[in-house]
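A.B. asks: Attaching a single structure in C-alpha cells format; questions to follow.
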Amino acid sequence: MGKPIQKTDGPTPQRPLICAPLVGKTKAALIEEIDAVAAKKPDLLEWRVDFYKHIGETEDVLETASLLKAHSKGIPILFTRRSIREGGEPITVSEQEVTVLYEQVMKQGLVDVVDVELSCPEAEKERLRAIAKETETQLILSYHDFQRTPSEADILAKLQEAETYGADVGKVAVMPETMADVLTLMQATQKAASTLTIPVITMAMGRLGTLSRMAGGACGSALTFAIANESSAPGQMPIEELRVVLDVIDRYVTGP
C-alpha cells in the first residue's frame, strides 16, 4: 500500500489534500453515499465507522469495507472510529473489539490509512501501530479537544508525541472560542510542519475554525476535511467551495 498523506519537501507549503467523510448508518446508505462522494473526486475518503449501526458485527464491517473499496474509484480510504471522548458517536463496542476491526481491515488490505487516537489504551495503541507497520498501512495518531483550544506549546507537544510514538502522520483538532484561538492553532501548525519529520494535519472546528480548514495548508497542514454529502464535524464546508478557496490561495499565496 502507498502512503497518500505526504510531507511537503522544502519550505514552500503544499496544497492540502481534501478528505470527504462517509457517515452512512447502513450498508445501503454508505454505498449510495460513496457513489455520490467519489464522483466529486476528493483526495481521500474517510469512513467514520462509529456512525455505522452494525459496528459490533466484525464480518459485516469487513464486507462493507470491501464494498466501499470496490466503489471508491481508486480513491484511498481512511478508516476512523472516533471515540465519544473525542467527539465521536456513542457505540456499545469495547476498545478491544474496535482494535479487532482495525486489525482485520488492515490485514485484508481494505483501507489505506487508519486514524488511532493518542488517548486510546496503551496496549491497543501499540498493537495497532505494529499491525499498521506490518501491513504498510499509513497510521495517523490524533488528538481532539471539543471543549477548548490548548496552548500553542500543548498543541505542538501532541504532534511531537505522535511523531515520537511512530505515527506516519500527527493530527490535532481543537475548538476555538475566539479568532486568537484559531491563530494559536495555525501558529502551532507552522512550527510543527517546519520541525517535525512527519506530515501534520490540524484544524480548528466550528464556525470560527472554518478559516483553518481553508488556510491551514498555507501553514503546513497536509490535509483538510470537506463536506461532499454530510458533515462529520462542525465547521466543514462543501468540497466545491473549498476547492475555489484553495485555488485562490495557490494562485496568490503558495504558488510559484
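Labeling convention for the C-alpha cells: chains A, B, ... as they appear, residues from 1 per chain, ligands from 1 in order of appearance.
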Enumerate, as a list in words, the complete set of residues in range 59-96 of chain A that a backbone-based DSSP assignment places in helix (DSSP H, G or I).

C.D. replies: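 DSSP on the backbone gives helix (DSSP H, G or I) at Glu59, Asp60, Val61, Leu62, Glu63, Thr64, Ala65, Ser66, Leu67, Leu68, Lys69, Ala70, His71, Ile84, Arg85, Glu86, Glu95 and Gln96 of chain A.
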
A.B. asks: Could you write out that same residue set with C-alpha atoms as a tab-separated table (two decimals), in the first residue's frame?

C.D. replies:
```tsv
chain	number	residue	atom	x	y	z
A	59	GLU	CA	-17.89	-9.70	9.43
A	60	ASP	CA	-20.48	-7.12	8.40
A	61	VAL	CA	-17.94	-4.30	8.80
A	62	LEU	CA	-15.40	-6.20	6.69
A	63	GLU	CA	-17.97	-6.89	3.99
A	64	THR	CA	-18.96	-3.23	3.95
A	65	ALA	CA	-15.32	-2.12	3.84
A	66	SER	CA	-14.80	-4.37	0.84
A	67	LEU	CA	-17.81	-2.86	-0.92
A	68	LEU	CA	-16.58	0.65	-0.18
A	69	LYS	CA	-13.18	-0.18	-1.63
A	70	ALA	CA	-14.87	-1.51	-4.77
A	71	HIS	CA	-16.92	1.70	-5.10
A	84	ILE	CA	-17.19	9.52	22.25
A	85	ARG	CA	-14.49	11.00	24.49
A	86	GLU	CA	-13.11	12.81	21.44
A	95	GLU	CA	-11.74	-0.85	22.79
A	96	GLN	CA	-10.57	-4.43	22.28
```

A.B. asks: Could you pull the residues within 7 Å of range 240-256 of chain A, counting only C-alpha atoms, minus those fewer than 3 positions along the same chain, as a PyMOL selection string?

C.D. replies: chain A and resi 12-13+214+218+237

A.B. asks: I need the chosen residues saved as a short mmCIF file (atom, residue, chain, number, x, y, z; two decimals), in the first residue's frame, with N, CA and C atoms.

C.D. replies:
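What ended up in out36.cif:
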```
data_model
loop_
_atom_site.label_atom_id
_atom_site.label_comp_id
_atom_site.auth_asym_id
_atom_site.auth_seq_id
_atom_site.Cartn_x
_atom_site.Cartn_y
_atom_site.Cartn_z
N THR A 12 8.28 25.61 1.04
CA THR A 12 7.01 26.05 0.44
C THR A 12 5.88 25.13 0.87
N PRO A 13 4.81 25.67 1.48
CA PRO A 13 3.68 24.83 1.88
C PRO A 13 3.04 24.16 0.68
N MET A 214 -9.61 26.30 5.53
CA MET A 214 -9.32 26.90 4.24
C MET A 214 -7.84 27.24 4.08
N ALA A 218 -1.54 26.53 4.01
CA ALA A 218 -0.50 27.56 3.91
C ALA A 218 0.40 27.58 5.13
N MET A 237 -16.83 22.64 5.30
CA MET A 237 -17.52 23.37 4.25
C MET A 237 -17.62 22.49 3.01
#
```

A.B. asks: Which residue out of A:Lys53, A:Lys73, A:Lys133, A:Lys7 has the minimum interatomic distance to Ile201 in chain A when only C-alpha atoms are used?

C.D. replies: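 Among the listed residues, the smallest separation from Ile201 in chain A belongs to A:Lys7.
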
A.B. asks: List as a ChimeraX atom specification the protein and nucleic acid residues near Leu211 in chain A, meaning an atom at most 12 Å away when only C-alpha atoms are counted, but skip any in the same chain fewer than 6 places from it.

C.D. replies: /A:176,178-183,185-186,202-205,217-219,224,235-237,242,245-246

A.B. asks: Quick one: residues within 7 Å of range 136-144 of chain A, only C-alpha atoms, excluding same-chain residues fewer than 3 positions away - as a PyMOL selection string?

C.D. replies: chain A and resi 1+3+86+106+112-118+132-133+162+167-174

A.B. asks: Would you give me, as a PyMOL selection string, the residues in range 45-248 of chain A that DSSP reads as strand (DSSP E)?

C.D. replies: chain A and resi 45-48+77-80+113-117+138-145+169-174+200-204+223-227+237-238

A.B. asks: Could you list, as a PyMOL selection string, every residue within 9 Å of Thr58 in chain A, counting only C-alpha atoms and ignoring same-chain residues fewer than 5 positions away?

C.D. replies: chain A and resi 63+97+100-101+104

A.B. asks: Please measure the separation of CA of Leu156 in chain A and CA of Ala188 in chain A, giving the value in Å to one decimal.

C.D. replies: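 Spanning CA of Leu156 in chain A to CA of Ala188 in chain A is a straight-line distance of 5.7 Å.
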
A.B. asks: Between A:Pro238, A:Pro199, A:Pro121, A:Gly109, which is the closest to Ser83 in chain A once you count only C-alpha atoms?

C.D. replies: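 Once distances to Ser83 in chain A are computed over only C-alpha atoms, the minimum belongs to A:Pro121.
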
A.B. asks: When distances are computed from only C-alpha atoms, which of A:Ala153, A:Ile75, A:Cys19, A:Val98 shows the smallest separation from Ile55 in chain A?

C.D. replies: A:Val98
